[in-house]
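Novice: Quick one, start.txt (compact mmCIF, N, CA and C atoms):
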```
# COMPACT_ATOMS: atom_id res chain seq x y z
N MET D 30 13.06 1.48 -53.61
CA MET D 30 12.88 2.08 -54.92
C MET D 30 12.12 1.11 -55.81
N THR D 31 11.08 1.58 -56.48
CA THR D 31 10.30 0.72 -57.35
C THR D 31 10.91 0.70 -58.73
N HIS D 32 10.40 -0.20 -59.57
CA HIS D 32 10.91 -0.32 -60.94
C HIS D 32 10.65 0.93 -61.77
N SER D 33 9.65 1.72 -61.41
CA SER D 33 9.35 2.93 -62.19
C SER D 33 10.15 4.13 -61.68
N GLU D 34 11.12 3.88 -60.79
CA GLU D 34 11.91 4.96 -60.25
C GLU D 34 13.38 4.82 -60.64
N VAL D 35 14.01 5.94 -60.81
CA VAL D 35 15.45 6.00 -61.01
C VAL D 35 15.97 7.07 -60.07
N ASN D 36 16.92 6.71 -59.23
CA ASN D 36 17.45 7.65 -58.23
C ASN D 36 16.32 8.25 -57.39
N GLY D 37 15.33 7.42 -57.01
CA GLY D 37 14.24 7.87 -56.16
C GLY D 37 13.12 8.61 -56.88
N GLN D 38 13.20 8.77 -58.19
CA GLN D 38 12.16 9.48 -58.93
C GLN D 38 11.48 8.56 -59.93
N ARG D 39 10.17 8.79 -60.11
CA ARG D 39 9.45 8.05 -61.14
C ARG D 39 9.95 8.46 -62.51
N ARG D 40 10.00 7.50 -63.42
CA ARG D 40 10.35 7.80 -64.81
C ARG D 40 9.05 8.15 -65.52
N LEU D 41 8.95 9.35 -66.02
CA LEU D 41 7.71 9.82 -66.65
C LEU D 41 7.91 10.08 -68.13
N LEU D 42 6.92 9.66 -68.91
CA LEU D 42 6.88 9.94 -70.34
C LEU D 42 5.64 10.75 -70.65
N LEU D 43 5.81 11.83 -71.38
CA LEU D 43 4.68 12.62 -71.85
C LEU D 43 4.39 12.21 -73.28
N LEU D 44 3.19 11.68 -73.50
CA LEU D 44 2.74 11.25 -74.82
C LEU D 44 1.74 12.27 -75.35
N VAL D 45 2.07 12.90 -76.47
CA VAL D 45 1.20 13.91 -77.08
C VAL D 45 0.76 13.39 -78.44
N ASP D 46 -0.53 13.06 -78.55
CA ASP D 46 -1.08 12.61 -79.82
C ASP D 46 -2.58 12.82 -79.80
N ALA D 47 -3.11 13.51 -80.81
CA ALA D 47 -4.55 13.76 -80.90
C ALA D 47 -5.32 12.47 -81.14
N ASP D 48 -4.65 11.46 -81.65
CA ASP D 48 -5.28 10.16 -81.89
C ASP D 48 -5.30 9.39 -80.56
N THR D 49 -6.37 9.58 -79.80
CA THR D 49 -6.44 8.98 -78.47
C THR D 49 -6.49 7.45 -78.52
N ALA D 50 -6.82 6.88 -79.67
CA ALA D 50 -6.79 5.41 -79.79
C ALA D 50 -5.37 4.88 -79.67
N LEU D 51 -4.39 5.71 -79.97
CA LEU D 51 -2.99 5.31 -79.86
C LEU D 51 -2.50 5.27 -78.41
N HIS D 52 -3.10 6.07 -77.54
CA HIS D 52 -2.64 6.17 -76.15
C HIS D 52 -2.56 4.82 -75.44
N PRO D 53 -3.65 4.05 -75.37
CA PRO D 53 -3.56 2.77 -74.65
C PRO D 53 -2.61 1.78 -75.33
N PHE D 54 -2.51 1.83 -76.64
CA PHE D 54 -1.59 0.96 -77.37
C PHE D 54 -0.15 1.23 -76.95
N ILE D 55 0.22 2.50 -76.93
CA ILE D 55 1.58 2.89 -76.53
C ILE D 55 1.83 2.51 -75.08
N GLN D 56 0.89 2.81 -74.20
CA GLN D 56 1.06 2.50 -72.79
C GLN D 56 1.23 1.00 -72.57
N ALA D 57 0.41 0.20 -73.23
CA ALA D 57 0.50 -1.26 -73.08
C ALA D 57 1.81 -1.80 -73.65
N ALA D 58 2.30 -1.18 -74.72
CA ALA D 58 3.53 -1.65 -75.34
C ALA D 58 4.72 -1.56 -74.39
N PHE D 59 4.72 -0.56 -73.52
CA PHE D 59 5.85 -0.40 -72.60
C PHE D 59 6.03 -1.61 -71.69
N ARG D 60 4.96 -2.26 -71.33
CA ARG D 60 5.06 -3.44 -70.45
C ARG D 60 5.83 -4.58 -71.11
N ARG D 61 5.91 -4.56 -72.45
CA ARG D 61 6.62 -5.61 -73.18
C ARG D 61 7.96 -5.13 -73.74
N ALA D 62 8.37 -3.94 -73.35
CA ALA D 62 9.60 -3.35 -73.90
C ALA D 62 10.82 -4.18 -73.49
N PRO D 63 11.78 -4.30 -74.41
CA PRO D 63 13.00 -5.05 -74.09
C PRO D 63 13.95 -4.27 -73.18
N TYR D 64 13.70 -2.99 -72.98
CA TYR D 64 14.56 -2.16 -72.14
C TYR D 64 13.87 -1.92 -70.79
N ALA D 65 14.55 -2.21 -69.71
CA ALA D 65 13.97 -2.00 -68.38
C ALA D 65 13.62 -0.54 -68.16
N SER D 66 14.38 0.37 -68.75
CA SER D 66 14.11 1.80 -68.57
C SER D 66 12.75 2.20 -69.14
N LEU D 67 12.20 1.39 -70.04
CA LEU D 67 10.89 1.67 -70.61
C LEU D 67 9.79 0.82 -70.01
N ARG D 68 10.12 -0.37 -69.56
CA ARG D 68 9.11 -1.33 -69.14
C ARG D 68 8.25 -0.82 -67.99
N TYR D 69 8.81 -0.02 -67.13
CA TYR D 69 8.07 0.44 -65.95
C TYR D 69 7.83 1.94 -65.95
N ILE D 70 7.88 2.52 -67.11
CA ILE D 70 7.70 3.97 -67.22
C ILE D 70 6.23 4.34 -67.00
N VAL D 71 6.01 5.51 -66.44
CA VAL D 71 4.66 6.03 -66.23
C VAL D 71 4.36 6.99 -67.38
N CYS D 72 3.26 6.74 -68.09
CA CYS D 72 2.91 7.50 -69.29
C CYS D 72 1.76 8.46 -68.98
N HIS D 73 1.96 9.72 -69.33
CA HIS D 73 0.90 10.73 -69.23
C HIS D 73 0.46 11.11 -70.64
N PRO D 74 -0.69 10.61 -71.12
CA PRO D 74 -1.16 10.96 -72.46
C PRO D 74 -1.97 12.26 -72.48
N VAL D 75 -1.69 13.10 -73.48
CA VAL D 75 -2.45 14.32 -73.73
C VAL D 75 -2.68 14.43 -75.24
N VAL D 76 -3.51 15.39 -75.65
CA VAL D 76 -3.89 15.43 -77.07
C VAL D 76 -3.35 16.59 -77.88
N GLY D 77 -2.78 17.63 -77.28
CA GLY D 77 -2.35 18.75 -78.11
C GLY D 77 -1.37 19.68 -77.42
N GLY D 78 -1.07 20.78 -78.12
CA GLY D 78 -0.07 21.72 -77.67
C GLY D 78 -0.38 22.42 -76.37
N ASP D 79 -1.64 22.79 -76.14
CA ASP D 79 -1.99 23.46 -74.89
C ASP D 79 -1.74 22.54 -73.70
N GLN D 80 -2.12 21.28 -73.84
CA GLN D 80 -1.89 20.32 -72.77
C GLN D 80 -0.41 20.01 -72.61
N LEU D 81 0.34 20.00 -73.71
CA LEU D 81 1.79 19.83 -73.64
C LEU D 81 2.38 20.93 -72.77
N ARG D 82 2.03 22.16 -73.04
CA ARG D 82 2.53 23.30 -72.27
C ARG D 82 2.19 23.14 -70.78
N GLU D 83 0.94 22.83 -70.48
CA GLU D 83 0.50 22.68 -69.09
C GLU D 83 1.28 21.58 -68.37
N GLN D 84 1.40 20.44 -69.02
CA GLN D 84 2.08 19.30 -68.38
C GLN D 84 3.56 19.58 -68.14
N LEU D 85 4.21 20.28 -69.08
CA LEU D 85 5.62 20.60 -68.89
C LEU D 85 5.83 21.59 -67.74
N GLN D 86 4.85 22.41 -67.46
CA GLN D 86 4.95 23.32 -66.31
C GLN D 86 4.78 22.56 -64.99
N GLN D 87 3.96 21.50 -65.01
CA GLN D 87 3.59 20.80 -63.78
C GLN D 87 4.51 19.64 -63.42
N HIS D 88 5.11 18.98 -64.41
CA HIS D 88 5.85 17.75 -64.16
C HIS D 88 7.23 17.79 -64.81
N ARG D 89 8.13 17.02 -64.23
CA ARG D 89 9.45 16.84 -64.84
C ARG D 89 9.44 15.49 -65.55
N TYR D 90 9.34 15.53 -66.86
CA TYR D 90 9.31 14.31 -67.67
C TYR D 90 10.73 13.92 -68.05
N HIS D 91 10.95 12.61 -68.12
CA HIS D 91 12.25 12.10 -68.54
C HIS D 91 12.36 12.03 -70.05
N VAL D 92 11.23 11.94 -70.73
CA VAL D 92 11.20 11.88 -72.19
C VAL D 92 9.79 12.24 -72.64
N ALA D 93 9.70 12.76 -73.86
CA ALA D 93 8.39 13.08 -74.45
C ALA D 93 8.32 12.42 -75.83
N LEU D 94 7.15 11.88 -76.14
CA LEU D 94 6.86 11.29 -77.44
C LEU D 94 5.74 12.13 -78.03
N ILE D 95 6.04 12.87 -79.10
CA ILE D 95 5.13 13.91 -79.55
C ILE D 95 4.80 13.78 -81.03
N SER D 96 3.50 13.67 -81.31
CA SER D 96 3.02 13.72 -82.68
C SER D 96 3.03 15.18 -83.13
N LEU D 97 3.85 15.47 -84.12
CA LEU D 97 4.01 16.86 -84.56
C LEU D 97 2.70 17.46 -85.07
N GLU D 98 1.90 16.66 -85.75
CA GLU D 98 0.63 17.16 -86.27
C GLU D 98 -0.35 17.49 -85.14
N SER D 99 -0.17 16.91 -83.97
CA SER D 99 -1.06 17.16 -82.84
C SER D 99 -0.73 18.46 -82.12
N VAL D 100 0.50 18.93 -82.25
CA VAL D 100 0.91 20.15 -81.57
C VAL D 100 0.60 21.37 -82.42
N GLY D 101 0.93 21.30 -83.68
CA GLY D 101 0.65 22.42 -84.57
C GLY D 101 -0.72 22.23 -85.19
N HIS D 102 -0.72 22.03 -86.48
CA HIS D 102 -1.96 21.80 -87.21
C HIS D 102 -1.66 20.80 -88.31
N PRO D 103 -2.57 19.85 -88.56
CA PRO D 103 -2.29 18.82 -89.56
C PRO D 103 -1.98 19.36 -90.96
N THR D 104 -2.46 20.56 -91.28
CA THR D 104 -2.21 21.10 -92.62
C THR D 104 -0.96 21.98 -92.69
N TRP D 105 -0.36 22.29 -91.54
CA TRP D 105 0.86 23.09 -91.55
C TRP D 105 2.03 22.26 -92.04
N PRO D 106 3.04 22.89 -92.60
CA PRO D 106 4.24 22.14 -92.97
C PRO D 106 4.87 21.49 -91.74
N LEU D 107 5.41 20.31 -91.92
CA LEU D 107 6.01 19.56 -90.82
C LEU D 107 7.03 20.40 -90.05
N GLU D 108 7.85 21.13 -90.76
CA GLU D 108 8.88 21.94 -90.12
C GLU D 108 8.27 22.98 -89.18
N GLU D 109 7.14 23.56 -89.57
CA GLU D 109 6.48 24.54 -88.72
C GLU D 109 5.94 23.89 -87.45
N ASN D 110 5.35 22.71 -87.57
CA ASN D 110 4.87 21.99 -86.39
C ASN D 110 6.03 21.62 -85.47
N ALA D 111 7.14 21.18 -86.06
CA ALA D 111 8.31 20.79 -85.26
C ALA D 111 8.88 22.01 -84.53
N HIS D 112 8.95 23.13 -85.24
CA HIS D 112 9.46 24.36 -84.62
C HIS D 112 8.56 24.78 -83.47
N ARG D 113 7.25 24.75 -83.67
CA ARG D 113 6.28 25.12 -82.62
C ARG D 113 6.43 24.20 -81.41
N THR D 114 6.62 22.93 -81.65
CA THR D 114 6.78 21.97 -80.56
C THR D 114 8.02 22.31 -79.73
N MET D 115 9.14 22.58 -80.39
CA MET D 115 10.37 22.91 -79.66
C MET D 115 10.21 24.23 -78.91
N GLN D 116 9.45 25.18 -79.44
CA GLN D 116 9.17 26.42 -78.72
C GLN D 116 8.47 26.13 -77.40
N LEU D 117 7.45 25.28 -77.45
CA LEU D 117 6.70 24.94 -76.24
C LEU D 117 7.59 24.25 -75.22
N ILE D 118 8.46 23.37 -75.66
CA ILE D 118 9.37 22.69 -74.73
C ILE D 118 10.33 23.69 -74.11
N ARG D 119 10.86 24.59 -74.90
CA ARG D 119 11.84 25.57 -74.39
C ARG D 119 11.20 26.63 -73.49
N GLU D 120 9.87 26.78 -73.54
CA GLU D 120 9.17 27.70 -72.64
C GLU D 120 9.04 27.12 -71.23
N ALA D 121 9.22 25.83 -71.09
CA ALA D 121 9.12 25.18 -69.78
C ALA D 121 10.35 25.52 -68.95
N PRO D 122 10.25 25.40 -67.63
CA PRO D 122 11.44 25.60 -66.79
C PRO D 122 12.58 24.71 -67.27
N PRO D 123 13.82 25.16 -67.14
CA PRO D 123 14.96 24.39 -67.66
C PRO D 123 14.99 22.92 -67.24
N ASP D 124 14.62 22.62 -66.01
CA ASP D 124 14.64 21.22 -65.57
C ASP D 124 13.37 20.46 -65.96
N HIS D 125 12.50 21.10 -66.73
CA HIS D 125 11.26 20.48 -67.21
C HIS D 125 11.25 20.39 -68.73
N GLN D 126 12.42 20.33 -69.33
CA GLN D 126 12.55 20.25 -70.79
C GLN D 126 13.11 18.88 -71.17
N PRO D 127 12.22 17.91 -71.36
CA PRO D 127 12.69 16.55 -71.64
C PRO D 127 13.19 16.40 -73.08
N PRO D 128 14.07 15.43 -73.31
CA PRO D 128 14.37 15.10 -74.70
C PRO D 128 13.08 14.61 -75.35
N ALA D 129 12.87 15.00 -76.59
CA ALA D 129 11.62 14.67 -77.27
C ALA D 129 11.87 13.85 -78.52
N VAL D 130 11.03 12.84 -78.69
CA VAL D 130 11.02 12.03 -79.90
C VAL D 130 9.80 12.48 -80.71
N ALA D 131 10.04 12.89 -81.94
CA ALA D 131 8.97 13.36 -82.82
C ALA D 131 8.34 12.18 -83.55
N MET D 132 7.02 12.24 -83.69
CA MET D 132 6.28 11.29 -84.53
C MET D 132 5.59 12.10 -85.61
N THR D 133 5.55 11.52 -86.81
CA THR D 133 4.82 12.17 -87.90
C THR D 133 4.34 11.11 -88.88
N SER D 134 3.32 11.44 -89.61
CA SER D 134 2.81 10.51 -90.62
C SER D 134 3.23 10.92 -92.03
N VAL D 135 3.99 12.00 -92.15
CA VAL D 135 4.36 12.51 -93.47
C VAL D 135 5.87 12.67 -93.62
N GLY D 136 6.62 11.86 -92.96
CA GLY D 136 8.05 12.05 -92.92
C GLY D 136 8.82 11.61 -94.15
N THR D 137 9.92 12.29 -94.37
CA THR D 137 10.91 11.94 -95.38
C THR D 137 12.28 12.07 -94.71
N LEU D 138 13.33 11.65 -95.39
CA LEU D 138 14.67 11.82 -94.83
C LEU D 138 14.99 13.30 -94.62
N ARG D 139 14.54 14.14 -95.52
CA ARG D 139 14.76 15.58 -95.36
C ARG D 139 14.04 16.10 -94.11
N HIS D 140 12.79 15.66 -93.92
CA HIS D 140 12.05 16.06 -92.72
C HIS D 140 12.77 15.58 -91.46
N ARG D 141 13.22 14.33 -91.49
CA ARG D 141 13.92 13.77 -90.33
C ARG D 141 15.13 14.63 -89.98
N ASP D 142 15.94 14.97 -90.95
CA ASP D 142 17.12 15.80 -90.71
C ASP D 142 16.74 17.16 -90.13
N THR D 143 15.70 17.76 -90.67
CA THR D 143 15.24 19.06 -90.18
C THR D 143 14.78 18.97 -88.73
N VAL D 144 13.99 17.96 -88.43
CA VAL D 144 13.46 17.78 -87.08
C VAL D 144 14.61 17.56 -86.08
N LEU D 145 15.56 16.74 -86.43
CA LEU D 145 16.68 16.48 -85.53
C LEU D 145 17.54 17.74 -85.36
N ARG D 146 17.71 18.53 -86.40
CA ARG D 146 18.47 19.78 -86.29
C ARG D 146 17.78 20.78 -85.37
N LEU D 147 16.46 20.72 -85.31
CA LEU D 147 15.72 21.62 -84.42
C LEU D 147 15.90 21.27 -82.94
N GLY D 148 16.42 20.09 -82.66
CA GLY D 148 16.70 19.73 -81.27
C GLY D 148 15.98 18.50 -80.76
N PHE D 149 15.23 17.82 -81.61
CA PHE D 149 14.59 16.58 -81.18
C PHE D 149 15.65 15.49 -80.98
N ALA D 150 15.39 14.62 -80.03
CA ALA D 150 16.32 13.53 -79.72
C ALA D 150 16.08 12.31 -80.60
N GLY D 151 14.93 12.24 -81.24
CA GLY D 151 14.60 11.09 -82.08
C GLY D 151 13.47 11.42 -83.02
N TYR D 152 13.21 10.48 -83.93
CA TYR D 152 12.23 10.72 -84.99
C TYR D 152 11.62 9.39 -85.40
N LEU D 153 10.30 9.36 -85.45
CA LEU D 153 9.56 8.17 -85.91
C LEU D 153 8.56 8.58 -86.97
N CYS D 154 8.50 7.82 -88.05
CA CYS D 154 7.50 8.04 -89.08
C CYS D 154 6.43 6.96 -88.94
N LYS D 155 5.17 7.40 -88.79
CA LYS D 155 4.06 6.47 -88.67
C LYS D 155 3.75 5.85 -90.02
N PRO D 156 3.41 4.60 -90.09
CA PRO D 156 3.41 3.64 -88.98
C PRO D 156 4.83 3.21 -88.66
N PHE D 157 5.09 2.94 -87.41
CA PHE D 157 6.41 2.50 -86.98
C PHE D 157 6.27 1.19 -86.23
N THR D 158 7.37 0.48 -86.12
CA THR D 158 7.37 -0.78 -85.37
C THR D 158 7.61 -0.48 -83.90
N LEU D 159 7.22 -1.42 -83.05
CA LEU D 159 7.51 -1.26 -81.63
C LEU D 159 9.01 -1.24 -81.39
N SER D 160 9.74 -2.02 -82.15
CA SER D 160 11.19 -2.03 -82.02
C SER D 160 11.77 -0.64 -82.27
N ALA D 161 11.30 0.04 -83.31
CA ALA D 161 11.77 1.40 -83.61
C ALA D 161 11.38 2.36 -82.48
N LEU D 162 10.15 2.23 -81.99
CA LEU D 162 9.69 3.07 -80.88
C LEU D 162 10.58 2.88 -79.66
N PHE D 163 10.81 1.63 -79.29
CA PHE D 163 11.62 1.34 -78.11
C PHE D 163 13.04 1.88 -78.27
N GLN D 164 13.61 1.70 -79.45
CA GLN D 164 14.98 2.16 -79.68
C GLN D 164 15.09 3.68 -79.58
N GLU D 165 14.16 4.39 -80.21
CA GLU D 165 14.20 5.86 -80.17
C GLU D 165 14.02 6.39 -78.75
N LEU D 166 13.09 5.81 -78.00
CA LEU D 166 12.85 6.27 -76.63
C LEU D 166 14.01 5.92 -75.70
N ALA D 167 14.57 4.72 -75.85
CA ALA D 167 15.71 4.32 -75.02
C ALA D 167 16.89 5.25 -75.28
N THR D 168 17.12 5.59 -76.52
CA THR D 168 18.20 6.52 -76.86
C THR D 168 17.95 7.89 -76.25
N ALA D 169 16.72 8.38 -76.36
CA ALA D 169 16.37 9.69 -75.79
C ALA D 169 16.52 9.68 -74.27
N LEU D 170 16.15 8.59 -73.62
CA LEU D 170 16.27 8.51 -72.17
C LEU D 170 17.73 8.59 -71.72
N THR D 171 18.65 8.09 -72.50
CA THR D 171 20.06 8.18 -72.10
C THR D 171 20.53 9.63 -72.08
N LEU D 172 19.85 10.51 -72.81
CA LEU D 172 20.20 11.93 -72.80
C LEU D 172 19.75 12.60 -71.50
N ASN D 173 18.85 11.98 -70.78
CA ASN D 173 18.25 12.57 -69.58
C ASN D 173 18.56 11.75 -68.34
N SER D 174 19.59 10.96 -68.37
CA SER D 174 19.92 10.12 -67.20
C SER D 174 20.83 10.85 -66.25
```
Using the file provided, produce a representation of the structure as structure tokens.

Specialist:
Amino acid sequence: MTHSEVNGQRRLLLLVDADTALHPFIQAAFRRAPYASLRYIVCHPVVGGDQLREQLQQHRYHVALISLESVGHPTWPLEENAHRTMQLIREAPPDHQPPAVAMTSVGTLRHRDTVLRLGFAGYLCKPFTLSALFQELATALTLNS
């Protein structure tokens, strides 16, 4: 069994963010993560909701890190983007519905509460620290162990 496997399976993360400059930064950050469950994770980056839907049909992800503005529309209310994201996740086969950590650049405590009530496992407001990223993802992964 390799470091990127748990119980014989690769640990996969689906990264959804239209800002493709963030993709290599996030992927490289995992190699320095303080949690072994993140350090060897395999990251699949995509840019939007259509690709999110496709990837969830094809792969069983252990966790998803999703920019809410990338799934819906940047001008839509945050709650609408969060709701749309959860719809796409729930359309996937039951064993292909990973815990999801939401990312947003317009967050408030009220938004955070709303997003978590919709079923997200975690919440990050951009810009965020790597420590916050690692903590949210590690917590979400424990939901899918």

Novice: Around the point (1.7, 13.4, -61.9), in the coordinates given by the file, pick out the residues reaching within 8 Å, counting all atoms listed in the file, and return them as a list in words.

Specialist: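 The answer, in the requested form, is His73, Gln87, His88 and Arg89 of chain D.
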
Novice: Which residues, written as a list of chain:residue names, have at least one atom at most 6 Å from segment 140-152 of chain D, with only N, CA and C atoms counted and residues fewer than 3 positions away on the same chain left out?

Specialist: D:Pro128, D:Ala129, D:Val130, D:Ala131, D:Met132, D:Gly136, D:Thr137, D:Glu165, D:Ala169

Novice: Restricting the calculation to only C-alpha atoms, which member of D:Leu85, D:Gly78, D:Val135, D:Val71 is positioned closest to Glu120 of chain D?

Specialist: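 Residue with the minimum atom-to-atom distance to Glu120 of chain D: D:Leu85.
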
Novice: Taking (11.4, 25.1, -67.3) in the file's coordinates, which residues come within 12 Å, counting only C-alpha atoms, written as a ChimeraX atom specification?

Specialist: /D:82-90,116-127

Novice: Please dump the current selection as a PDB file, in the frame of the given file; keep N, CA and C atoms.

Specialist:
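This went into selection16.pdb:
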```pdb
ATOM      1  N   ARG D  82       2.030  22.160 -73.040  1.00  0.00           N
ATOM      2  CA  ARG D  82       2.530  23.300 -72.270  1.00  0.00           C
ATOM      3  C   ARG D  82       2.190  23.140 -70.780  1.00  0.00           C
ATOM      4  N   GLU D  83       0.940  22.830 -70.480  1.00  0.00           N
ATOM      5  CA  GLU D  83       0.500  22.680 -69.090  1.00  0.00           C
ATOM      6  C   GLU D  83       1.280  21.580 -68.370  1.00  0.00           C
ATOM      7  N   GLN D  84       1.400  20.440 -69.020  1.00  0.00           N
ATOM      8  CA  GLN D  84       2.080  19.300 -68.380  1.00  0.00           C
ATOM      9  C   GLN D  84       3.560  19.580 -68.140  1.00  0.00           C
ATOM     10  N   LEU D  85       4.210  20.280 -69.080  1.00  0.00           N
ATOM     11  CA  LEU D  85       5.620  20.600 -68.890  1.00  0.00           C
ATOM     12  C   LEU D  85       5.830  21.590 -67.740  1.00  0.00           C
ATOM     13  N   GLN D  86       4.850  22.410 -67.460  1.00  0.00           N
ATOM     14  CA  GLN D  86       4.950  23.320 -66.310  1.00  0.00           C
ATOM     15  C   GLN D  86       4.780  22.560 -64.990  1.00  0.00           C
ATOM     16  N   GLN D  87       3.960  21.500 -65.010  1.00  0.00           N
ATOM     17  CA  GLN D  87       3.590  20.800 -63.780  1.00  0.00           C
ATOM     18  C   GLN D  87       4.510  19.640 -63.420  1.00  0.00           C
ATOM     19  N   HIS D  88       5.110  18.980 -64.410  1.00  0.00           N
ATOM     20  CA  HIS D  88       5.850  17.750 -64.160  1.00  0.00           C
ATOM     21  C   HIS D  88       7.230  17.790 -64.810  1.00  0.00           C
ATOM     22  N   ARG D  89       8.130  17.020 -64.230  1.00  0.00           N
ATOM     23  CA  ARG D  89       9.450  16.840 -64.840  1.00  0.00           C
ATOM     24  C   ARG D  89       9.440  15.490 -65.550  1.00  0.00           C
ATOM     25  N   TYR D  90       9.340  15.530 -66.860  1.00  0.00           N
ATOM     26  CA  TYR D  90       9.310  14.310 -67.670  1.00  0.00           C
ATOM     27  C   TYR D  90      10.730  13.920 -68.050  1.00  0.00           C
ATOM     28  N   GLN D 116       9.450  25.180 -79.440  1.00  0.00           N
ATOM     29  CA  GLN D 116       9.170  26.420 -78.720  1.00  0.00           C
ATOM     30  C   GLN D 116       8.470  26.130 -77.400  1.00  0.00           C
ATOM     31  N   LEU D 117       7.450  25.280 -77.450  1.00  0.00           N
ATOM     32  CA  LEU D 117       6.700  24.940 -76.240  1.00  0.00           C
ATOM     33  C   LEU D 117       7.590  24.250 -75.220  1.00  0.00           C
ATOM     34  N   ILE D 118       8.460  23.370 -75.660  1.00  0.00           N
ATOM     35  CA  ILE D 118       9.370  22.690 -74.730  1.00  0.00           C
ATOM     36  C   ILE D 118      10.330  23.690 -74.110  1.00  0.00           C
ATOM     37  N   ARG D 119      10.860  24.590 -74.900  1.00  0.00           N
ATOM     38  CA  ARG D 119      11.840  25.570 -74.390  1.00  0.00           C
ATOM     39  C   ARG D 119      11.200  26.630 -73.490  1.00  0.00           C
ATOM     40  N   GLU D 120       9.870  26.780 -73.540  1.00  0.00           N
ATOM     41  CA  GLU D 120       9.170  27.700 -72.640  1.00  0.00           C
ATOM     42  C   GLU D 120       9.040  27.120 -71.230  1.00  0.00           C
ATOM     43  N   ALA D 121       9.220  25.830 -71.090  1.00  0.00           N
ATOM     44  CA  ALA D 121       9.120  25.180 -69.780  1.00  0.00           C
ATOM     45  C   ALA D 121      10.350  25.520 -68.950  1.00  0.00           C
ATOM     46  N   PRO D 122      10.250  25.400 -67.630  1.00  0.00           N
ATOM     47  CA  PRO D 122      11.440  25.600 -66.790  1.00  0.00           C
ATOM     48  C   PRO D 122      12.580  24.710 -67.270  1.00  0.00           C
ATOM     49  N   PRO D 123      13.820  25.160 -67.140  1.00  0.00           N
ATOM     50  CA  PRO D 123      14.960  24.390 -67.660  1.00  0.00           C
ATOM     51  C   PRO D 123      14.990  22.920 -67.240  1.00  0.00           C
ATOM     52  N   ASP D 124      14.620  22.620 -66.010  1.00  0.00           N
ATOM     53  CA  ASP D 124      14.640  21.220 -65.570  1.00  0.00           C
ATOM     54  C   ASP D 124      13.370  20.460 -65.960  1.00  0.00           C
ATOM     55  N   HIS D 125      12.500  21.100 -66.730  1.00  0.00           N
ATOM     56  CA  HIS D 125      11.260  20.480 -67.210  1.00  0.00           C
ATOM     57  C   HIS D 125      11.250  20.390 -68.730  1.00  0.00           C
ATOM     58  N   GLN D 126      12.420  20.330 -69.330  1.00  0.00           N
ATOM     59  CA  GLN D 126      12.550  20.250 -70.790  1.00  0.00           C
ATOM     60  C   GLN D 126      13.110  18.880 -71.170  1.00  0.00           C
ATOM     61  N   PRO D 127      12.220  17.910 -71.360  1.00  0.00           N
ATOM     62  CA  PRO D 127      12.690  16.550 -71.640  1.00  0.00           C
ATOM     63  C   PRO D 127      13.190  16.400 -73.080  1.00  0.00           C
TER      64      PRO D 127
END
```

Novice: Which residues in segment 100-150 of chain D does DSSP call alpha helix (DSSP H)? List them as a ChimeraX atom specification.

Specialist: /D:100,107-120,138-146

Novice: Could you go through segment 75-161 of chain D and tell me which residues DSSP, when run on the backbone, assigns to strand (DSSP E or B), listing them as a compact mmCIF listing (two decimals) with N, CA and C atoms, in the coordinates of the input?

Specialist:
```txt
# COMPACT_ATOMS: atom_id res chain seq x y z
N VAL D 75 -1.69 13.10 -73.48
CA VAL D 75 -2.45 14.32 -73.73
C VAL D 75 -2.68 14.43 -75.24
N VAL D 92 11.23 11.94 -70.73
CA VAL D 92 11.20 11.88 -72.19
C VAL D 92 9.79 12.24 -72.64
N ALA D 93 9.70 12.76 -73.86
CA ALA D 93 8.39 13.08 -74.45
C ALA D 93 8.32 12.42 -75.83
N LEU D 94 7.15 11.88 -76.14
CA LEU D 94 6.86 11.29 -77.44
C LEU D 94 5.74 12.13 -78.03
N ILE D 95 6.04 12.87 -79.10
CA ILE D 95 5.13 13.91 -79.55
C ILE D 95 4.80 13.78 -81.03
N SER D 96 3.50 13.67 -81.31
CA SER D 96 3.02 13.72 -82.68
C SER D 96 3.03 15.18 -83.13
N ALA D 129 12.87 15.00 -76.59
CA ALA D 129 11.62 14.67 -77.27
C ALA D 129 11.87 13.85 -78.52
N VAL D 130 11.03 12.84 -78.69
CA VAL D 130 11.02 12.03 -79.90
C VAL D 130 9.80 12.48 -80.71
N ALA D 131 10.04 12.89 -81.94
CA ALA D 131 8.97 13.36 -82.82
C ALA D 131 8.34 12.18 -83.55
N MET D 132 7.02 12.24 -83.69
CA MET D 132 6.28 11.29 -84.53
C MET D 132 5.59 12.10 -85.61
N THR D 133 5.55 11.52 -86.81
CA THR D 133 4.82 12.17 -87.90
C THR D 133 4.34 11.11 -88.88
N GLY D 151 14.93 12.24 -81.24
CA GLY D 151 14.60 11.09 -82.08
C GLY D 151 13.47 11.42 -83.02
N TYR D 152 13.21 10.48 -83.93
CA TYR D 152 12.23 10.72 -84.99
C TYR D 152 11.62 9.39 -85.40
N LEU D 153 10.30 9.36 -85.45
CA LEU D 153 9.56 8.17 -85.91
C LEU D 153 8.56 8.58 -86.97
N CYS D 154 8.50 7.82 -88.05
CA CYS D 154 7.50 8.04 -89.08
C CYS D 154 6.43 6.96 -88.94
```

Novice: So which one's closest to Pro74 of chain D, D:His112, D:Arg40, D:His52, D:His102? Using all atoms listed in the file, please.

Specialist: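 Selected residue with least distance to Pro74 of chain D: D:His52.
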